[in-house]
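Undergrad: Provided herewith: data-v9.cif, mmCIF, C-alpha atoms.
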data_coords
loop_
_atom_site.group_PDB
_atom_site.id
_atom_site.type_symbol
_atom_site.label_atom_id
_atom_site.label_comp_id
_atom_site.auth_asym_id
_atom_site.auth_seq_id
_atom_site.Cartn_x
_atom_site.Cartn_y
_atom_site.Cartn_z
ATOM 1 C CA MET L 1 23.450 1.411 3.016
ATOM 2 C CA SER L 2 20.718 -0.492 4.854
ATOM 3 C CA TYR L 3 19.291 -3.750 3.585
ATOM 4 C CA PRO L 4 17.682 -4.109 1.141
ATOM 5 C CA ARG L 5 19.608 -1.957 -1.287
ATOM 6 C CA ALA L 6 17.094 -2.650 -4.063
ATOM 7 C CA VAL L 7 13.637 -4.176 -4.509
ATOM 8 C CA LEU L 8 12.672 -6.231 -7.547
ATOM 9 C CA PHE L 9 8.989 -6.710 -8.296
ATOM 10 C CA ASP L 10 7.238 -9.368 -10.275
ATOM 11 C CA HIS L 11 4.529 -7.766 -12.403
ATOM 12 C CA ASP L 12 1.165 -9.519 -12.735
ATOM 13 C CA GLY L 13 -0.443 -10.307 -9.384
ATOM 14 C CA THR L 14 2.413 -8.766 -7.388
ATOM 15 C CA LEU L 15 2.797 -5.175 -8.535
ATOM 16 C CA VAL L 16 -0.410 -4.751 -10.501
ATOM 17 C CA ASP L 17 -3.777 -6.474 -10.623
ATOM 18 C CA THR L 18 -3.657 -7.347 -14.314
ATOM 19 C CA GLU L 19 -4.615 -11.004 -13.996
ATOM 20 C CA PRO L 20 -8.252 -10.099 -14.840
ATOM 21 C CA GLN L 21 -7.055 -8.140 -17.877
ATOM 22 C CA TRP L 22 -4.906 -11.049 -19.074
ATOM 23 C CA ALA L 23 -7.783 -13.474 -18.512
ATOM 24 C CA ALA L 24 -10.106 -11.227 -20.499
ATOM 25 C CA ALA L 25 -7.487 -10.808 -23.243
ATOM 26 C CA LYS L 26 -7.009 -14.568 -23.593
ATOM 27 C CA ARG L 27 -10.766 -15.121 -23.834
ATOM 28 C CA HIS L 28 -11.126 -12.325 -26.374
ATOM 29 C CA VAL L 29 -8.219 -13.386 -28.577
ATOM 30 C CA ALA L 30 -9.126 -17.081 -28.359
ATOM 31 C CA GLY L 31 -12.645 -16.143 -29.434
ATOM 32 C CA THR L 32 -11.345 -14.356 -32.523
ATOM 33 C CA HIS L 33 -9.750 -17.692 -33.447
ATOM 34 C CA GLN L 34 -12.984 -19.612 -32.826
ATOM 35 C CA GLN L 35 -11.637 -21.110 -29.606
ATOM 36 C CA SER L 36 -12.662 -21.004 -25.964
ATOM 37 C CA TRP L 37 -10.485 -20.148 -22.973
ATOM 38 C CA ASP L 38 -11.540 -20.952 -19.405
ATOM 39 C CA THR L 39 -10.311 -20.830 -15.815
ATOM 40 C CA GLU L 40 -8.565 -24.176 -16.218
ATOM 41 C CA ASP L 41 -6.536 -22.678 -19.064
ATOM 42 C CA ASP L 42 -5.718 -19.646 -16.877
ATOM 43 C CA HIS L 43 -4.340 -21.917 -14.170
ATOM 44 C CA ALA L 44 -2.446 -24.074 -16.667
ATOM 45 C CA THR L 45 -0.516 -21.045 -17.933
ATOM 46 C CA LEU L 46 -0.194 -19.153 -14.613
ATOM 47 C CA GLY L 47 3.389 -18.078 -13.969
ATOM 48 C CA GLY L 48 4.388 -18.852 -17.542
ATOM 49 C CA THR L 49 4.975 -16.489 -20.420
ATOM 50 C CA VAL L 50 2.449 -14.794 -22.676
ATOM 51 C CA GLN L 51 3.957 -16.855 -25.463
ATOM 52 C CA ASP L 52 2.898 -20.026 -23.621
ATOM 53 C CA ALA L 53 -0.742 -18.961 -23.921
ATOM 54 C CA ALA L 54 -0.272 -17.953 -27.554
ATOM 55 C CA ARG L 55 1.451 -21.267 -28.301
ATOM 56 C CA LEU L 56 -1.470 -23.168 -26.783
ATOM 57 C CA MET L 57 -3.878 -21.309 -29.070
ATOM 58 C CA VAL L 58 -1.733 -22.202 -32.096
ATOM 59 C CA GLU L 59 -1.659 -25.846 -30.992
ATOM 60 C CA ARG L 60 -5.459 -25.726 -30.865
ATOM 61 C CA GLY L 61 -5.646 -24.556 -34.451
ATOM 62 C CA ALA L 62 -5.207 -20.767 -34.528
ATOM 63 C CA THR L 63 -3.791 -19.759 -37.913
ATOM 64 C CA ASP L 64 -1.867 -16.687 -36.717
ATOM 65 C CA SER L 65 1.710 -17.122 -35.492
ATOM 66 C CA VAL L 66 2.698 -17.244 -31.827
ATOM 67 C CA GLU L 67 4.300 -13.815 -32.271
ATOM 68 C CA GLU L 68 1.131 -12.297 -33.747
ATOM 69 C CA ILE L 69 -1.151 -13.780 -31.081
ATOM 70 C CA THR L 70 1.261 -12.536 -28.403
ATOM 71 C CA ARG L 71 1.002 -9.043 -29.877
ATOM 72 C CA GLN L 72 -2.808 -9.265 -29.890
ATOM 73 C CA LEU L 73 -2.864 -10.297 -26.222
ATOM 74 C CA ALA L 74 -0.520 -7.477 -25.182
ATOM 75 C CA GLU L 75 -2.468 -4.902 -27.179
ATOM 76 C CA HIS L 76 -5.683 -5.894 -25.411
ATOM 77 C CA VAL L 77 -4.101 -5.619 -21.941
ATOM 78 C CA ILE L 78 -2.375 -2.295 -22.649
ATOM 79 C CA GLY L 79 -5.659 -0.903 -23.938
ATOM 80 C CA SER L 80 -7.344 -1.827 -20.658
ATOM 81 C CA MET L 81 -4.662 0.140 -18.737
ATOM 82 C CA ASP L 82 -5.093 3.360 -20.732
ATOM 83 C CA HIS L 83 -6.662 5.427 -17.956
ATOM 84 C CA GLU L 84 -5.016 4.089 -14.813
ATOM 85 C CA VAL L 85 -2.360 1.555 -13.860
ATOM 86 C CA PRO L 86 -4.121 -1.013 -11.625
ATOM 87 C CA PHE L 87 -1.563 -1.114 -8.813
ATOM 88 C CA LEU L 88 -2.503 -3.588 -6.094
ATOM 89 C CA PRO L 89 -3.504 -2.293 -2.617
ATOM 90 C CA GLY L 90 -0.512 -1.093 -0.632
ATOM 91 C CA ILE L 91 1.805 -0.924 -3.641
ATOM 92 C CA PRO L 92 1.505 2.838 -4.330
ATOM 93 C CA SER L 93 2.462 3.662 -0.727
ATOM 94 C CA LEU L 94 5.379 1.204 -0.840
ATOM 95 C CA LEU L 95 6.627 2.779 -4.068
ATOM 96 C CA ARG L 96 6.429 6.231 -2.454
ATOM 97 C CA GLU L 97 8.466 4.974 0.519
ATOM 98 C CA LEU L 98 11.107 3.522 -1.797
ATOM 99 C CA LYS L 99 11.308 6.774 -3.737
ATOM 100 C CA GLU L 100 11.709 8.863 -0.570
ATOM 101 C CA ALA L 101 14.380 6.486 0.750
ATOM 102 C CA GLY L 102 16.259 6.474 -2.559
ATOM 103 C CA THR L 103 15.942 2.697 -2.829
ATOM 104 C CA PRO L 104 15.976 1.646 -6.485
ATOM 105 C CA ALA L 105 13.411 -0.776 -7.852
ATOM 106 C CA ALA L 106 12.843 -2.787 -11.000
ATOM 107 C CA ILE L 107 10.194 -4.918 -12.644
ATOM 108 C CA VAL L 108 11.260 -8.503 -13.357
ATOM 109 C CA THR L 109 8.590 -10.346 -15.286
ATOM 110 C CA ASN L 110 7.801 -13.118 -17.725
ATOM 111 C CA ALA L 111 5.326 -10.685 -19.273
ATOM 112 C CA LEU L 112 6.072 -8.521 -22.291
ATOM 113 C CA GLY L 113 8.172 -5.385 -22.089
ATOM 114 C CA SER L 114 5.412 -3.319 -23.682
ATOM 115 C CA VAL L 115 3.039 -4.135 -20.826
ATOM 116 C CA ALA L 116 5.679 -3.631 -18.103
ATOM 117 C CA ARG L 117 6.588 -0.229 -19.584
ATOM 118 C CA THR L 118 2.957 0.837 -19.254
ATOM 119 C CA THR L 119 3.157 -0.009 -15.551
ATOM 120 C CA SER L 120 6.551 1.648 -14.991
ATOM 121 C CA ALA L 121 5.147 4.852 -16.482
ATOM 122 C CA GLY L 122 2.823 4.974 -13.461
ATOM 123 C CA ALA L 123 5.852 5.259 -11.123
ATOM 124 C CA PRO L 124 8.686 6.441 -13.367
ATOM 125 C CA ASP L 125 10.894 7.767 -10.568
ATOM 126 C CA VAL L 126 10.950 4.399 -8.794
ATOM 127 C CA LEU L 127 10.504 1.628 -11.344
ATOM 128 C CA THR L 128 13.516 2.659 -13.372
ATOM 129 C CA ARG L 129 14.514 -0.695 -14.850
ATOM 130 C CA ILE L 130 12.609 -3.528 -16.528
ATOM 131 C CA VAL L 131 13.562 -7.108 -17.276
ATOM 132 C CA SER L 132 10.874 -8.754 -19.387
ATOM 133 C CA HIS L 133 10.528 -11.926 -21.399
ATOM 134 C CA ASP L 134 12.014 -9.976 -24.311
ATOM 135 C CA ASP L 135 15.292 -9.382 -22.457
ATOM 136 C CA VAL L 136 16.379 -12.880 -21.427
ATOM 137 C CA SER L 137 17.068 -16.186 -23.092
ATOM 138 C CA ARG L 138 15.670 -18.190 -20.165
ATOM 139 C CA ALA L 139 12.505 -17.062 -18.389
ATOM 140 C CA LYS L 140 11.479 -17.762 -14.789
ATOM 141 C CA PRO L 141 11.942 -20.186 -12.993
ATOM 142 C CA ASP L 142 15.512 -19.794 -14.286
ATOM 143 C CA PRO L 143 17.482 -17.241 -12.205
ATOM 144 C CA GLU L 144 18.529 -15.264 -15.296
ATOM 145 C CA PRO L 145 15.718 -12.636 -15.054
ATOM 146 C CA TYR L 146 16.494 -11.726 -11.437
ATOM 147 C CA LEU L 147 20.227 -11.764 -11.990
ATOM 148 C CA ALA L 148 19.686 -9.377 -14.905
ATOM 149 C CA GLY L 149 17.516 -7.107 -12.752
ATOM 150 C CA ALA L 150 20.143 -6.873 -10.024
ATOM 151 C CA ARG L 151 22.818 -6.162 -12.616
ATOM 152 C CA LEU L 152 20.761 -3.334 -14.162
ATOM 153 C CA LEU L 153 20.352 -1.724 -10.729
ATOM 154 C CA GLY L 154 24.028 -2.218 -9.913
ATOM 155 C CA VAL L 155 23.257 -4.110 -6.693
ATOM 156 C CA PRO L 156 24.523 -7.598 -5.753
ATOM 157 C CA PRO L 157 21.643 -10.133 -5.760
ATOM 158 C CA ARG L 158 22.228 -10.917 -2.078
ATOM 159 C CA ASP L 159 21.444 -7.268 -1.233
ATOM 160 C CA CYS L 160 18.139 -7.307 -3.141
ATOM 161 C CA VAL L 161 14.671 -8.370 -2.023
ATOM 162 C CA ALA L 162 12.234 -9.781 -4.557
ATOM 163 C CA MET L 163 8.437 -9.740 -4.378
ATOM 164 C CA GLU L 164 6.565 -12.595 -6.025
ATOM 165 C CA ASP L 165 3.206 -14.368 -6.054
ATOM 166 C CA SER L 166 3.929 -17.600 -7.972
ATOM 167 C CA GLU L 167 6.235 -20.569 -7.575
ATOM 168 C CA PRO L 168 8.180 -20.088 -10.858
ATOM 169 C CA GLY L 169 9.036 -16.519 -9.858
ATOM 170 C CA VAL L 170 9.957 -17.486 -6.307
ATOM 171 C CA GLU L 171 12.233 -20.248 -7.606
ATOM 172 C CA SER L 172 13.885 -17.761 -9.961
ATOM 173 C CA ALA L 173 14.611 -15.184 -7.259
ATOM 174 C CA VAL L 174 15.808 -17.728 -4.689
ATOM 175 C CA ALA L 175 18.100 -19.326 -7.266
ATOM 176 C CA ALA L 176 19.487 -15.844 -7.985
ATOM 177 C CA GLY L 177 20.439 -15.548 -4.306
ATOM 178 C CA MET L 178 17.677 -13.259 -3.025
ATOM 179 C CA THR L 179 15.263 -13.267 -0.122
ATOM 180 C CA VAL L 180 11.731 -13.363 -1.520
ATOM 181 C CA VAL L 181 8.582 -11.840 -0.058
ATOM 182 C CA VAL L 182 5.689 -14.040 -1.183
ATOM 183 C CA VAL L 183 2.337 -12.270 -1.494
ATOM 184 C CA PRO L 184 -0.970 -14.130 -1.962
ATOM 185 C CA GLY L 185 -1.562 -15.408 -5.494
ATOM 186 C CA ASP L 186 -3.920 -17.642 -7.434
ATOM 187 C CA LYS L 187 -1.960 -20.766 -6.501
ATOM 188 C CA PRO L 188 -0.326 -21.522 -3.131
ATOM 189 C CA VAL L 189 3.472 -21.311 -3.015
ATOM 190 C CA PRO L 190 5.244 -24.006 -0.939
ATOM 191 C CA GLU L 191 7.309 -22.997 2.068
ATOM 192 C CA GLY L 192 11.058 -23.096 1.670
ATOM 193 C CA PRO L 193 14.355 -21.373 2.421
ATOM 194 C CA HIS L 194 14.582 -17.606 1.838
ATOM 195 C CA ARG L 195 10.801 -17.328 1.407
ATOM 196 C CA VAL L 196 8.930 -14.891 3.657
ATOM 197 C CA PHE L 197 5.129 -15.065 3.424
ATOM 198 C CA VAL L 198 2.705 -12.215 4.065
ATOM 199 C CA ASP L 199 -1.078 -12.272 4.286
ATOM 200 C CA ALA L 200 -1.664 -9.232 2.073
ATOM 201 C CA HIS L 201 0.181 -6.850 -0.229
ATOM 202 C CA GLU L 202 -0.516 -4.053 2.256
ATOM 203 C CA ASP L 203 1.704 -5.825 4.806
ATOM 204 C CA VAL L 204 4.790 -5.020 2.736
ATOM 205 C CA THR L 205 6.183 -1.674 3.874
ATOM 206 C CA LEU L 206 9.727 -0.329 3.794
ATOM 207 C CA ASP L 207 10.059 -1.000 7.517
ATOM 208 C CA PHE L 208 8.973 -4.604 6.924
ATOM 209 C CA LEU L 209 11.544 -5.032 4.132
ATOM 210 C CA ARG L 210 14.259 -3.591 6.365
ATOM 211 C CA SER L 211 13.370 -6.168 9.033
ATOM 212 C CA LEU L 212 14.387 -8.998 6.704
ATOM 213 C CA THR L 213 17.830 -10.516 6.486
ATOM 214 C CA PRO L 214 19.820 -11.419 3.366
ATOM 215 C CA PRO L 215 20.471 -15.079 2.547
ATOM 216 C CA ALA L 216 23.351 -16.587 4.470
#
Taking this structure as input, can you express it in the form of structure tokens?

TA:
Amino acid sequence: MSYPRAVLFDHDGTLVDTEPQWAAAKRHVAGTHQQSWDTEDDHATLGGTVQDAARLMVERGATDSVEEITRQLAEHVIGSMDHEVPFLPGIPSLLRELKEAGTPAAIVTNALGSVARTTSAGAPDVLTRIVSHDDVSRAKPDPEPYLAGARLLGVPPRDCVAMEDSEPGVESAVAAGMTVVVVPGDKPVPEGPHRVFVDAHEDVTLDFLRSLTPPA
């Protein structure tokens, strides 16, 4: 089979444009706990887990548990995706190409499984596997999430390509032994081995992915 044999997508900011929904959720939930949440807080928790944001709210005095605040955040985001999954530009056509080529794909994310499942339901024939924060003991930047994704798809990590928009995710995929396509995100990602940068999500087509080479 041609390279890549599988494609593994990060979720927020790579596959779907849910960063605004998460930002709105954090502001809403923080407000219910008589706290504020601003852009600086968004950047401080970018690339981390939902639990990181919930933990910060608890540290600031929220009386609910980290688990309960996490649930509140996820519920707010899922509610905002009720009518349509906000796939980023170029992603729907890429998913169609992968489906037609029979190339399996998965979501590998630090986000919650409940949110990722809402997204996978928008492309159920392609996004057949999910690795979320709920499924691993060590989140990105540890390689465990991407290794788990490759294992679920039955493809060696070296034969997979990952798509990411943040440094923790890129580190995770590279450490797992994958070539990573880096799409624009809120924070710049440093150059490095096995990192291929594109100017826009729309630049990532199946032909582009097939032009890449696996790590040596």

Undergrad: Using the chain letters and numbering of this document, enumerate as a ChimeraX atom specification the residues selected by the PyMOL selection byres ((chain L and resi 32) around 12).

TA: /L:25-31,33-37,57,61-64,69,72-73

Undergrad: So how far away is atom CA of Val161 of chain L from atom CA of Pro190 of chain L, in Å?

TA: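 Separation of atom CA of Pro190 of chain L and atom CA of Val161 of chain L: 18.3 Å.
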
Undergrad: Could you spell out the hits of the PyMOL selection byres ((chain L and resi 12) around 9) on the shown file, as a VMD selection string?

TA: chain L and resid 10 to 11 13 to 19 22 47 109 111 165

Undergrad: Up to 12 Å from (11.9, -5.9, 7.5) in the file's coordinates: name the residues, counting all atoms listed in the file, as a list in words.

TA: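 Using all atoms listed in the file, the matching residues come out as Ser2, Tyr3, Pro4, Val161, Thr179, Val180, Val181, Val196, Val198, Asp203, Val204, Thr205, Leu206, Asp207, Phe208, Leu209, Arg210, Ser211, Leu212, Thr213 and Pro214 of chain L.
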
Undergrad: So how many Å separate atom CA of Gly169 of chain L and atom CA of Arg151 of chain L, to one decimal?

TA: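 Going from atom CA of Gly169 of chain L over to atom CA of Arg151 of chain L covers 17.5 Å.
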
Undergrad: Would you list the contacts of Ala6 of chain L as a list in words, taking every protein, DNA or RNA residue within 10 Å and counting all atoms listed in the file, but skipping same-chain residues closer than 5 positions in sequence?

TA: Leu98, Gly102, Thr103, Pro104, Ala105, Ala106, Gly149, Ala150, Leu153, Gly154, Val155, Pro156, Pro157, Arg158, Asp159, Cys160, Val161 and Ala162 of chain L

Undergrad: In Å, rounded to a single decimal, give me how far atom CA of Arg195 of chain L is from atom CA of Ala176 of chain L.

TA: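 So the answer is 12.9 Å.
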
Undergrad: Any chance you could resolve the PyMOL selection byres ((chain L and resi 55) around 9) against this file and give the residues as number ranges by chain?

TA: L: 50-54, 56-60, 65-67, 69-70

Undergrad: Nearest residue to Gly90 of chain L out of L:Ala139, L:Ala74, L:Val183, L:Ala216, using all atoms listed in the file?

TA: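 Residue with the minimum atom-to-atom distance to Gly90 of chain L: L:Val183.
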
Undergrad: Is it possible to get the axis-aligned box enclosing segment 92-103 of chain L (all listed atoms, 4 Å extra per side) as lines of an AutoDock Vina configuration file, with centre and edge lengths in Å rounded to one decimal?

TA:
center_x = 8.9
center_y = 5.0
center_z = -1.8
size_x = 22.8
size_y = 15.7
size_z = 13.1

Undergrad: Of the candidates L:Asp199, L:Ala116, L:Asp42, L:Glu97, which one gets nearest to Thr128 of chain L if we count all atoms listed in the file?

TA: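 Answer, going by the shortest atom-to-atom distance: L:Ala116.
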
Undergrad: Please list as a PDB file with C-alpha atoms, keeping the file's coordinate frame every residue within 8 Å of Ile91 of chain L, counting only C-alpha atoms and excluding residues in the same chain fewer than 4 positions away.

TA:
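What follows is the written file out_16.pdb:
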ATOM      1  CA  LEU L  15       2.797  -5.175  -8.535  1.00  0.00           C
ATOM      2  CA  PHE L  87      -1.563  -1.114  -8.813  1.00  0.00           C
ATOM      3  CA  LEU L  95       6.627   2.779  -4.068  1.00  0.00           C
ATOM      4  CA  HIS L 201       0.181  -6.850  -0.229  1.00  0.00           C
ATOM      5  CA  GLU L 202      -0.516  -4.053   2.256  1.00  0.00           C
TER       6      GLU L 202
END

Undergrad: Tell me which of L:Asp125, L:Glu164, L:Glu68, L:Asp135 sits closest to Leu147 of chain L, counting only C-alpha atoms.

TA: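 The shortest atom-to-atom distance to Leu147 of chain L comes from L:Asp135.
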
Undergrad: Between L:Val174, L:Lys140, L:Asp186, L:Leu94, which residue has the minimum interatomic distance to Gly48 of chain L, considering all atoms listed in the file?

TA: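 Looking only at the distances to Gly48 of chain L, the closest residue turns out to be L:Lys140.
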
Undergrad: Kindly reconstruct segment 48-72 of chain L with N, CA, C and O atoms and present the result as an mmCIF file, in the coordinates of the input.

TA:
data_model
loop_
_atom_site.group_PDB
_atom_site.id
_atom_site.type_symbol
_atom_site.label_atom_id
_atom_site.label_comp_id
_atom_site.auth_asym_id
_atom_site.auth_seq_id
_atom_site.Cartn_x
_atom_site.Cartn_y
_atom_site.Cartn_z
ATOM 1 N N GLY L 48 3.633 -18.661 -16.305
ATOM 2 C CA GLY L 48 4.388 -18.852 -17.542
ATOM 3 C C GLY L 48 4.483 -17.555 -18.318
ATOM 4 O O GLY L 48 4.225 -16.464 -17.802
ATOM 5 N N THR L 49 4.847 -17.658 -19.565
ATOM 6 C CA THR L 49 4.975 -16.489 -20.420
ATOM 7 C C THR L 49 3.709 -16.276 -21.235
ATOM 8 O O THR L 49 2.886 -17.185 -21.388
ATOM 9 N N VAL L 50 3.567 -15.070 -21.781
ATOM 10 C CA VAL L 50 2.449 -14.794 -22.676
ATOM 11 C C VAL L 50 2.535 -15.711 -23.890
ATOM 12 O O VAL L 50 1.521 -16.180 -24.412
ATOM 13 N N GLN L 51 3.764 -15.980 -24.316
ATOM 14 C CA GLN L 51 3.957 -16.855 -25.463
ATOM 15 C C GLN L 51 3.426 -18.260 -25.208
ATOM 16 O O GLN L 51 3.000 -18.944 -26.141
ATOM 17 N N ASP L 52 3.452 -18.705 -23.947
ATOM 18 C CA ASP L 52 2.898 -20.026 -23.621
ATOM 19 C C ASP L 52 1.416 -20.080 -23.957
ATOM 20 O O ASP L 52 0.920 -21.074 -24.508
ATOM 21 N N ALA L 53 0.686 -19.019 -23.613
ATOM 22 C CA ALA L 53 -0.742 -18.961 -23.921
ATOM 23 C C ALA L 53 -0.958 -18.894 -25.434
ATOM 24 O O ALA L 53 -1.831 -19.583 -25.984
ATOM 25 N N ALA L 54 -0.149 -18.071 -26.100
ATOM 26 C CA ALA L 54 -0.272 -17.953 -27.554
ATOM 27 C C ALA L 54 0.039 -19.282 -28.232
ATOM 28 O O ALA L 54 -0.638 -19.699 -29.187
ATOM 29 N N ARG L 55 1.049 -19.970 -27.726
ATOM 30 C CA ARG L 55 1.451 -21.267 -28.301
ATOM 31 C C ARG L 55 0.325 -22.289 -28.154
ATOM 32 O O ARG L 55 0.065 -23.085 -29.069
ATOM 33 N N LEU L 56 -0.362 -22.246 -27.008
ATOM 34 C CA LEU L 56 -1.470 -23.168 -26.783
ATOM 35 C C LEU L 56 -2.591 -22.911 -27.785
ATOM 36 O O LEU L 56 -3.208 -23.851 -28.308
ATOM 37 N N MET L 57 -2.851 -21.640 -28.080
ATOM 38 C CA MET L 57 -3.878 -21.309 -29.070
ATOM 39 C C MET L 57 -3.486 -21.816 -30.452
ATOM 40 O O MET L 57 -4.331 -22.321 -31.206
ATOM 41 N N VAL L 58 -2.198 -21.689 -30.799
ATOM 42 C CA VAL L 58 -1.733 -22.202 -32.096
ATOM 43 C C VAL L 58 -1.878 -23.723 -32.142
ATOM 44 O O VAL L 58 -2.320 -24.289 -33.155
ATOM 45 N N GLU L 59 -1.533 -24.387 -31.043
ATOM 46 C CA GLU L 59 -1.659 -25.846 -30.992
ATOM 47 C C GLU L 59 -3.107 -26.283 -31.146
ATOM 48 O O GLU L 59 -3.386 -27.375 -31.657
ATOM 49 N N ARG L 60 -4.035 -25.415 -30.759
ATOM 50 C CA ARG L 60 -5.459 -25.726 -30.865
ATOM 51 C C ARG L 60 -6.046 -25.332 -32.219
ATOM 52 O O ARG L 60 -7.247 -25.448 -32.432
ATOM 53 N N GLY L 61 -5.184 -24.808 -33.093
ATOM 54 C CA GLY L 61 -5.646 -24.556 -34.451
ATOM 55 C C GLY L 61 -5.678 -23.119 -34.911
ATOM 56 O O GLY L 61 -6.083 -22.838 -36.046
ATOM 57 N N ALA L 62 -5.249 -22.169 -34.087
ATOM 58 C CA ALA L 62 -5.207 -20.767 -34.528
ATOM 59 C C ALA L 62 -4.236 -20.634 -35.692
ATOM 60 O O ALA L 62 -3.152 -21.221 -35.687
ATOM 61 N N THR L 63 -4.615 -19.868 -36.709
ATOM 62 C CA THR L 63 -3.791 -19.759 -37.913
ATOM 63 C C THR L 63 -2.737 -18.666 -37.821
ATOM 64 O O THR L 63 -1.759 -18.690 -38.572
ATOM 65 N N ASP L 64 -2.901 -17.703 -36.896
ATOM 66 C CA ASP L 64 -1.867 -16.687 -36.717
ATOM 67 C C ASP L 64 -0.660 -17.299 -36.012
ATOM 68 O O ASP L 64 -0.759 -18.333 -35.353
ATOM 69 N N SER L 65 0.488 -16.633 -36.134
ATOM 70 C CA SER L 65 1.710 -17.122 -35.492
ATOM 71 C C SER L 65 1.678 -16.850 -33.992
ATOM 72 O O SER L 65 0.874 -16.043 -33.504
ATOM 73 N N VAL L 66 2.558 -17.502 -33.253
ATOM 74 C CA VAL L 66 2.698 -17.244 -31.827
ATOM 75 C C VAL L 66 3.029 -15.779 -31.594
ATOM 76 O O VAL L 66 2.477 -15.137 -30.686
ATOM 77 N N GLU L 67 3.900 -15.221 -32.428
ATOM 78 C CA GLU L 67 4.300 -13.815 -32.271
ATOM 79 C C GLU L 67 3.114 -12.879 -32.467
ATOM 80 O O GLU L 67 2.943 -11.904 -31.722
ATOM 81 N N GLU L 68 2.267 -13.163 -33.467
ATOM 82 C CA GLU L 68 1.131 -12.297 -33.747
ATOM 83 C C GLU L 68 0.077 -12.406 -32.646
ATOM 84 O O GLU L 68 -0.494 -11.397 -32.208
ATOM 85 N N ILE L 69 -0.178 -13.612 -32.162
ATOM 86 C CA ILE L 69 -1.151 -13.780 -31.081
ATOM 87 C C ILE L 69 -0.632 -13.117 -29.804
ATOM 88 O O ILE L 69 -1.396 -12.497 -29.057
ATOM 89 N N THR L 70 0.657 -13.213 -29.551
ATOM 90 C CA THR L 70 1.261 -12.536 -28.403
ATOM 91 C C THR L 70 1.029 -11.036 -28.491
ATOM 92 O O THR L 70 0.672 -10.377 -27.499
ATOM 93 N N ARG L 71 1.228 -10.474 -29.674
ATOM 94 C CA ARG L 71 1.002 -9.043 -29.877
ATOM 95 C C ARG L 71 -0.460 -8.686 -29.625
ATOM 96 O O ARG L 71 -0.765 -7.662 -28.995
ATOM 97 N N GLN L 72 -1.383 -9.513 -30.089
ATOM 98 C CA GLN L 72 -2.808 -9.265 -29.890
ATOM 99 C C GLN L 72 -3.168 -9.271 -28.403
ATOM 100 O O GLN L 72 -3.933 -8.417 -27.925
#
